[in-house]
Amino acid sequence: MNAHVGALRFAALRLAEAIRPQRPLSFDEWLPKNIVLVDGEKKGELWSAADAPYLVDVAKCLSIEHPCNLVTVRKSQQTGVSILALAWSLYLAEIAPDNIIYGVPGIDALQDINGQKLQPLIDAWQKKTGKRIIIPAKERSGAGSTVYEKRFPGGYISLANANVAMDLSMRTCRYGVKDELSKWSQTAKGEDPEELFFGRFTAFLRQKSYKIFELSTPEADSGDELGEAPGHCRIDRSFRRSDQRFWHVRCEECGREFVQTD
């Protein structure tokens with residue numbers, strides 16, 4: 001009986017390709033294929049590294065396979081870093097779904113980030129790509145997304161007011177964004193919002209499988225050279241930490257990038 005060697009080999013190759021684990025797409029590779037800008041002079045166009053080359057290394061460190069746990073960006077205004085943070089949340093929802101907490105300072109910032117940035121970004125992304133990652137809101141049902149919680153298979157993006165303790169409590173998250181960190185302030189009971197925020201990641205600390213992205217323009221400087229005074233700018237204070245558990249991506253106002261490894 002004749003054996004169809006060519007056919008068997010072809011079928012085996014196709015089967016091997018189908019079952020072989022695929023390398024997760026890095027964030028810098030995912031960005032230009034998925035993110036449609038929703039404001040600015042390039043509104044309606046896909047995100048391009050040519051327009052913000054200083055963000056490429058930051059995006060690489062935010063990729064799920066990069067070993068860093070904390071990415072810190074000290075930036076000037078209108079540099080596209082906030083859009084990068086929002087886009088990172090959508091990247092995680094598709095590529096490595098798990099719970100995400102996105103902290104901003106105050107209810108006004110919370111409303112602005114959803115209405116002017118995140119929801120338009122979601123709508124433009126899913127319309128452009130045809131993907132349906134974020135579950136739409138459903139009336140009289142808790143299964144869908146809400147204004148401040150965008151659900152997807154495997155988790156959610158929870159928008160949180162960083163200046164309210166309740167918004168930073170009762171959640172277990174693997175990923176987090178600390179947006180405009182320098183404007184975060186103590187809660188009404190005097191609690192530190194950063195400590196409350198970090199408490200959301202306790203379940204992932206031992207294996208160091210969490211990742212946090214903090215970003216901000218600098219604010220008040222207390223004059224403390226060590227940067228440990230309560231009134232000192234939070235993003236500057238974070239920059240001066242010497243905790244070698246973390247790798248920091250440092251994006252100075254000049255646009256250069258620095259990576260510190262342990």
# chains A, B, ... in the order shown; residues from 1 in each chain; ligands from 1
$ residues_around --residues "Ile113 in chain A" --least-positions-apart "3" --cutoff "12 Å" --atoms "only C-alpha atoms" --output "JSON, numbers by chain"
{"A": [82, 83, 85, 86, 102, 103, 104, 105, 106, 107, 108, 109, 110, 116, 117, 118, 119, 120, 121, 147, 148, 158, 159, 160, 161, 179, 180]}
$ select_by_dssp --residues "range 24-153 of chain A" --states "alpha helix (DSSP H)" --output "PyMOL selection string"
chain A and resi 27-34+56-62+81-95+107-112+119-129
$ residues_around --residues "range 27-30 of chain A" --least-positions-apart "4" --cutoff "8 Å" --atoms "only C-alpha atoms" --output "PyMOL selection string"
chain A and resi 34+56+59-60+62-64+88+91
$ write_last_selection --atoms "C-alpha atoms" --output "mmCIF file, in the first residue's frame"
data_model
loop_
_atom_site.group_PDB
_atom_site.id
_atom_site.type_symbol
_atom_site.label_atom_id
_atom_site.label_comp_id
_atom_site.auth_asym_id
_atom_site.auth_seq_id
_atom_site.Cartn_x
_atom_site.Cartn_y
_atom_site.Cartn_z
ATOM 1 C CA ASN A 34 -4.472 48.401 17.636
ATOM 2 C CA VAL A 56 9.062 52.658 22.625
ATOM 3 C CA ALA A 59 6.340 50.134 26.043
ATOM 4 C CA LYS A 60 8.876 47.316 25.865
ATOM 5 C CA LEU A 62 5.443 47.210 29.988
ATOM 6 C CA SER A 63 5.256 44.037 27.907
ATOM 7 C CA ILE A 64 4.036 41.050 29.912
ATOM 8 C CA TRP A 88 -1.532 49.282 28.099
ATOM 9 C CA TYR A 91 -3.277 45.388 25.721
#
$ atom_distance --atom1 "CA of Ser185 in chain A" --atom2 "CA of Thr172 in chain A"
21.9 Å
$ residues_around --residues "Ser48 in chain A" --least-positions-apart "6" --cutoff "10 Å" --atoms "only C-alpha atoms" --output "ChimeraX atom specification"
/A:28,31-33,35-37,42,56
$ atom_distance --atom1 "CA of Ala162 in chain A" --atom2 "CA of Ala96 in chain A"
24.4 Å
$ closest_residue --among "A:Lys208, A:Arg234, A:Lys189, A:Lys150" --to "Asn69 in chain A" --atoms "only C-alpha atoms"
A:Lys208
